[in-house]
Amino acid sequence: MSKFKKKKDGGLAPINTASLPDIVFMLLFFFMVATVMREDTLKVKNTLPAADQVEKLNKKNPVAYVYIGKPSDNYKKFGTEARIQLNDDFASVSDIAAFIAAERASKREELVPFWTVSLKVDKNANMGIVGDVKQELRKVNALKINYTTATGDALTNMQ
């Protein structure tokens, strides 16, 4: 008879899960802060023309986007001519005034003088619709206009 008994092997010690909720909430918070929400779902083809002298817009200034181009493959029921897209819906030229008024109303008053309308025009769209949009923007006094382009050689647009 022995005085000391061998201790039986109890296996691995259980994993401490006390800090698991902290880690989960930290990851959740990180992804909530780091994720950028998509602003608009494009319904028009938007192959931007290339330009070699481009400037970046200041991110602090508010920007409203007007997309112009032919409807994409999922929206062929709207025709094959170039269309205007404001936010997530197709629109006509007459809808631009209401869109501009709503965008201005949603911005803080001190940011309105710096507000810019950015035209994202497909390189295959005709300039007639672009001219109509610009005339409508002049009527509602949205005079700060920007054309969004891709960086590259401007001569490639001729092809």
# chains A, B, ... in the order shown; residues from 1 in each chain; ligands from 1
$ closest_atom_pairs --of "segment 52-92 of chain A" --to "segment 150-155 of chain A" --cutoff "12 Å" --atoms "only C-alpha atoms" --output "tab-separated table"
residue	atom	partner	partner_atom	distance
A:Asp52	CA	A:Gly152	CA	5.3
A:Gln53	CA	A:Thr151	CA	7.9
A:Val54	CA	A:Thr151	CA	7.0
A:Glu55	CA	A:Thr151	CA	9.7
A:Lys56	CA	A:Thr151	CA	10.7
$ write_last_selection --atoms "C-alpha atoms" --output "compact mmCIF listing (two decimals), in the first residue's frame"
# COMPACT_ATOMS: atom_id res chain seq x y z
CA ASP A 52 -4.65 63.34 -68.74
CA GLN A 53 -5.09 66.54 -66.70
CA VAL A 54 -7.35 65.63 -63.82
CA GLU A 55 -7.80 67.00 -60.31
CA LYS A 56 -9.31 65.28 -57.33
$ select_by_dssp --residues "segment 53-102 of chain A" --states "helix (DSSP H, G or I)" --output "list in words"
Asp73, Asn74, Tyr75, Lys76, Lys77, Phe78, Val93, Ser94, Asp95, Ile96, Ala97, Ala98, Phe99, Ile100, Ala101 and Ala102 of chain A
$ write_last_selection --atoms "N, CA and C atoms" --output "PDB file, in the first residue's frame"
ATOM      1  N   ASP A  73     -27.366  46.105 -69.040  1.00  0.00           N
ATOM      2  CA  ASP A  73     -28.025  44.901 -69.558  1.00  0.00           C
ATOM      3  C   ASP A  73     -29.241  44.484 -68.737  1.00  0.00           C
ATOM      4  N   ASN A  74     -29.232  44.708 -67.448  1.00  0.00           N
ATOM      5  CA  ASN A  74     -30.365  44.333 -66.595  1.00  0.00           C
ATOM      6  C   ASN A  74     -31.564  45.255 -66.772  1.00  0.00           C
ATOM      7  N   TYR A  75     -31.371  46.407 -67.399  1.00  0.00           N
ATOM      8  CA  TYR A  75     -32.434  47.405 -67.524  1.00  0.00           C
ATOM      9  C   TYR A  75     -32.713  47.741 -68.982  1.00  0.00           C
ATOM     10  N   LYS A  76     -32.608  46.758 -69.865  1.00  0.00           N
ATOM     11  CA  LYS A  76     -32.851  46.965 -71.296  1.00  0.00           C
ATOM     12  C   LYS A  76     -34.302  47.344 -71.584  1.00  0.00           C
ATOM     13  N   LYS A  77     -35.219  47.066 -70.651  1.00  0.00           N
ATOM     14  CA  LYS A  77     -36.627  47.393 -70.879  1.00  0.00           C
ATOM     15  C   LYS A  77     -36.859  48.903 -70.944  1.00  0.00           C
ATOM     16  N   PHE A  78     -35.872  49.688 -70.498  1.00  0.00           N
ATOM     17  CA  PHE A  78     -35.991  51.139 -70.548  1.00  0.00           C
ATOM     18  C   PHE A  78     -35.474  51.721 -71.856  1.00  0.00           C
ATOM     19  N   VAL A  93     -35.137  65.053 -67.819  1.00  0.00           N
ATOM     20  CA  VAL A  93     -34.469  66.342 -67.621  1.00  0.00           C
ATOM     21  C   VAL A  93     -35.279  67.228 -66.686  1.00  0.00           C
ATOM     22  N   SER A  94     -36.594  67.121 -66.742  1.00  0.00           N
ATOM     23  CA  SER A  94     -37.437  67.971 -65.893  1.00  0.00           C
ATOM     24  C   SER A  94     -37.355  67.588 -64.408  1.00  0.00           C
ATOM     25  N   ASP A  95     -36.877  66.398 -64.095  1.00  0.00           N
ATOM     26  CA  ASP A  95     -36.751  65.973 -62.694  1.00  0.00           C
ATOM     27  C   ASP A  95     -35.508  66.527 -62.009  1.00  0.00           C
ATOM     28  N   ILE A  96     -34.617  67.131 -62.769  1.00  0.00           N
ATOM     29  CA  ILE A  96     -33.351  67.593 -62.203  1.00  0.00           C
ATOM     30  C   ILE A  96     -33.561  68.722 -61.201  1.00  0.00           C
ATOM     31  N   ALA A  97     -34.502  69.621 -61.481  1.00  0.00           N
ATOM     32  CA  ALA A  97     -34.742  70.754 -60.572  1.00  0.00           C
ATOM     33  C   ALA A  97     -35.159  70.261 -59.189  1.00  0.00           C
ATOM     34  N   ALA A  98     -36.056  69.284 -59.135  1.00  0.00           N
ATOM     35  CA  ALA A  98     -36.494  68.748 -57.847  1.00  0.00           C
ATOM     36  C   ALA A  98     -35.350  68.012 -57.153  1.00  0.00           C
ATOM     37  N   PHE A  99     -34.531  67.305 -57.916  1.00  0.00           N
ATOM     38  CA  PHE A  99     -33.385  66.591 -57.352  1.00  0.00           C
ATOM     39  C   PHE A  99     -32.394  67.572 -56.724  1.00  0.00           C
ATOM     40  N   ILE A 100     -32.094  68.648 -57.427  1.00  0.00           N
ATOM     41  CA  ILE A 100     -31.150  69.650 -56.918  1.00  0.00           C
ATOM     42  C   ILE A 100     -31.704  70.308 -55.653  1.00  0.00           C
ATOM     43  N   ALA A 101     -33.003  70.631 -55.666  1.00  0.00           N
ATOM     44  CA  ALA A 101     -33.612  71.254 -54.483  1.00  0.00           C
ATOM     45  C   ALA A 101     -33.546  70.310 -53.278  1.00  0.00           C
ATOM     46  N   ALA A 102     -33.814  69.029 -53.491  1.00  0.00           N
ATOM     47  CA  ALA A 102     -33.769  68.066 -52.391  1.00  0.00           C
ATOM     48  C   ALA A 102     -32.343  67.882 -51.878  1.00  0.00           C
TER      49      ALA A 102
END
$ select_by_dssp --residues "chain A" --states "strand (DSSP E or B)" --output "PyMOL selection string"
chain A and resi 44+50-51+63-69+71+83-86+89-91+116-121+145-147+150-151
$ write_last_selection --atoms "N, CA and C atoms" --output "mmCIF file, in the first residue's frame"
data_model
loop_
_atom_site.group_PDB
_atom_site.id
_atom_site.type_symbol
_atom_site.label_atom_id
_atom_site.label_comp_id
_atom_site.auth_asym_id
_atom_site.auth_seq_id
_atom_site.Cartn_x
_atom_site.Cartn_y
_atom_site.Cartn_z
ATOM 1 N N VAL A 44 -27.108 52.458 -65.340
ATOM 2 C CA VAL A 44 -26.653 52.847 -66.676
ATOM 3 C C VAL A 44 -25.212 52.392 -66.859
ATOM 4 N N ALA A 50 -11.322 59.030 -70.800
ATOM 5 C CA ALA A 50 -10.003 59.238 -70.187
ATOM 6 C C ALA A 50 -9.577 60.691 -70.354
ATOM 7 N N ALA A 51 -8.833 61.177 -69.400
ATOM 8 C CA ALA A 51 -8.273 62.530 -69.448
ATOM 9 C C ALA A 51 -6.896 62.496 -68.791
ATOM 10 N N VAL A 63 -21.036 66.635 -52.710
ATOM 11 C CA VAL A 63 -21.127 66.379 -54.139
ATOM 12 C C VAL A 63 -22.417 65.630 -54.419
ATOM 13 N N ALA A 64 -23.130 66.039 -55.476
ATOM 14 C CA ALA A 64 -24.297 65.307 -55.966
ATOM 15 C C ALA A 64 -23.925 64.717 -57.322
ATOM 16 N N TYR A 65 -24.242 63.452 -57.532
ATOM 17 C CA TYR A 65 -23.849 62.763 -58.755
ATOM 18 C C TYR A 65 -25.041 62.615 -59.694
ATOM 19 N N VAL A 66 -24.796 62.909 -60.980
ATOM 20 C CA VAL A 66 -25.769 62.701 -62.046
ATOM 21 C C VAL A 66 -25.108 61.750 -63.034
ATOM 22 N N TYR A 67 -25.713 60.573 -63.218
ATOM 23 C CA TYR A 67 -25.174 59.563 -64.130
ATOM 24 C C TYR A 67 -25.929 59.639 -65.450
ATOM 25 N N ILE A 68 -25.181 59.605 -66.559
ATOM 26 C CA ILE A 68 -25.792 59.638 -67.891
ATOM 27 C C ILE A 68 -25.164 58.526 -68.720
ATOM 28 N N GLY A 69 -26.008 57.698 -69.311
ATOM 29 C CA GLY A 69 -25.526 56.623 -70.158
ATOM 30 C C GLY A 69 -26.661 55.725 -70.593
ATOM 31 N N PRO A 71 -28.932 52.392 -70.672
ATOM 32 C CA PRO A 71 -29.275 51.441 -69.610
ATOM 33 C C PRO A 71 -28.425 50.176 -69.701
ATOM 34 N N ARG A 83 -29.871 57.584 -70.936
ATOM 35 C CA ARG A 83 -30.824 57.992 -69.915
ATOM 36 C C ARG A 83 -30.084 58.686 -68.775
ATOM 37 N N ILE A 84 -30.837 59.388 -67.962
ATOM 38 C CA ILE A 84 -30.305 60.084 -66.789
ATOM 39 C C ILE A 84 -30.664 59.263 -65.563
ATOM 40 N N GLN A 85 -29.704 59.080 -64.661
ATOM 41 C CA GLN A 85 -29.968 58.412 -63.395
ATOM 42 C C GLN A 85 -29.634 59.370 -62.265
ATOM 43 N N LEU A 86 -30.624 59.625 -61.415
ATOM 44 C CA LEU A 86 -30.450 60.446 -60.221
ATOM 45 C C LEU A 86 -30.692 59.545 -59.023
ATOM 46 N N ASP A 89 -32.744 55.981 -59.336
ATOM 47 C CA ASP A 89 -33.862 55.908 -60.270
ATOM 48 C C ASP A 89 -33.535 56.620 -61.575
ATOM 49 N N PHE A 90 -34.148 56.120 -62.658
ATOM 50 C CA PHE A 90 -34.068 56.838 -63.925
ATOM 51 C C PHE A 90 -34.917 58.096 -63.808
ATOM 52 N N ALA A 91 -34.496 59.141 -64.501
ATOM 53 C CA ALA A 91 -35.205 60.411 -64.423
ATOM 54 C C ALA A 91 -35.182 61.093 -65.782
ATOM 55 N N THR A 116 -21.097 70.816 -55.205
ATOM 56 C CA THR A 116 -20.726 70.564 -56.588
ATOM 57 C C THR A 116 -21.628 69.487 -57.173
ATOM 58 N N VAL A 117 -21.993 69.655 -58.449
ATOM 59 C CA VAL A 117 -22.714 68.621 -59.181
ATOM 60 C C VAL A 117 -21.696 67.929 -60.077
ATOM 61 N N SER A 118 -21.540 66.626 -59.899
ATOM 62 C CA SER A 118 -20.581 65.860 -60.674
ATOM 63 C C SER A 118 -21.333 65.048 -61.722
ATOM 64 N N LEU A 119 -20.987 65.263 -62.982
ATOM 65 C CA LEU A 119 -21.602 64.526 -64.083
ATOM 66 C C LEU A 119 -20.729 63.330 -64.416
ATOM 67 N N LYS A 120 -21.285 62.150 -64.278
ATOM 68 C CA LYS A 120 -20.586 60.919 -64.667
ATOM 69 C C LYS A 120 -21.241 60.445 -65.956
ATOM 70 N N VAL A 121 -20.628 60.836 -67.064
ATOM 71 C CA VAL A 121 -21.215 60.612 -68.384
ATOM 72 C C VAL A 121 -20.455 59.485 -69.076
ATOM 73 N N ILE A 145 -20.042 72.729 -61.698
ATOM 74 C CA ILE A 145 -20.197 71.426 -62.341
ATOM 75 C C ILE A 145 -18.823 70.799 -62.530
ATOM 76 N N ASN A 146 -18.770 69.496 -62.355
ATOM 77 C CA ASN A 146 -17.542 68.734 -62.505
ATOM 78 C C ASN A 146 -17.840 67.537 -63.396
ATOM 79 N N TYR A 147 -16.936 67.232 -64.314
ATOM 80 C CA TYR A 147 -17.038 66.014 -65.117
ATOM 81 C C TYR A 147 -16.097 64.980 -64.515
ATOM 82 N N ALA A 150 -11.796 59.121 -66.110
ATOM 83 C CA ALA A 150 -10.759 58.172 -65.705
ATOM 84 C C ALA A 150 -9.409 58.771 -66.077
ATOM 85 N N THR A 151 -8.377 58.417 -65.357
ATOM 86 C CA THR A 151 -7.047 58.916 -65.659
ATOM 87 C C THR A 151 -6.458 58.099 -66.800
#
$ residues_around --residues "Pro113 of chain A" --least-positions-apart "3" --cutoff "12 Å" --atoms "only C-alpha atoms" --output "short mmCIF file (atom, residue, chain, number, x, y, z; two decimals) with C-alpha atoms, in the first residue's frame"
data_model
loop_
_atom_site.label_atom_id
_atom_site.label_comp_id
_atom_site.auth_asym_id
_atom_site.auth_seq_id
_atom_site.Cartn_x
_atom_site.Cartn_y
_atom_site.Cartn_z
CA ASN A 61 -17.16 69.40 -50.03
CA PRO A 62 -20.60 67.91 -50.70
CA VAL A 63 -21.13 66.38 -54.14
CA ARG A 104 -29.49 71.31 -51.29
CA LYS A 107 -26.96 69.74 -46.80
CA ARG A 108 -25.98 72.10 -44.01
CA GLU A 109 -26.40 75.76 -44.90
CA GLU A 110 -22.70 76.60 -44.62
CA THR A 116 -20.73 70.56 -56.59
CA VAL A 117 -22.71 68.62 -59.18
CA ASN A 141 -28.46 77.97 -60.25
CA ALA A 142 -26.28 74.88 -59.80
CA LEU A 143 -23.30 76.39 -61.56
CA LYS A 144 -20.44 74.44 -60.01
#
$ atom_distance --atom1 "atom CA of Asn58 of chain A" --atom2 "atom CA of Met37 of chain A"
19.1 Å
$ atom_distance --atom1 "atom CA of Thr47 of chain A" --atom2 "atom CA of Gly128 of chain A"
17.8 Å
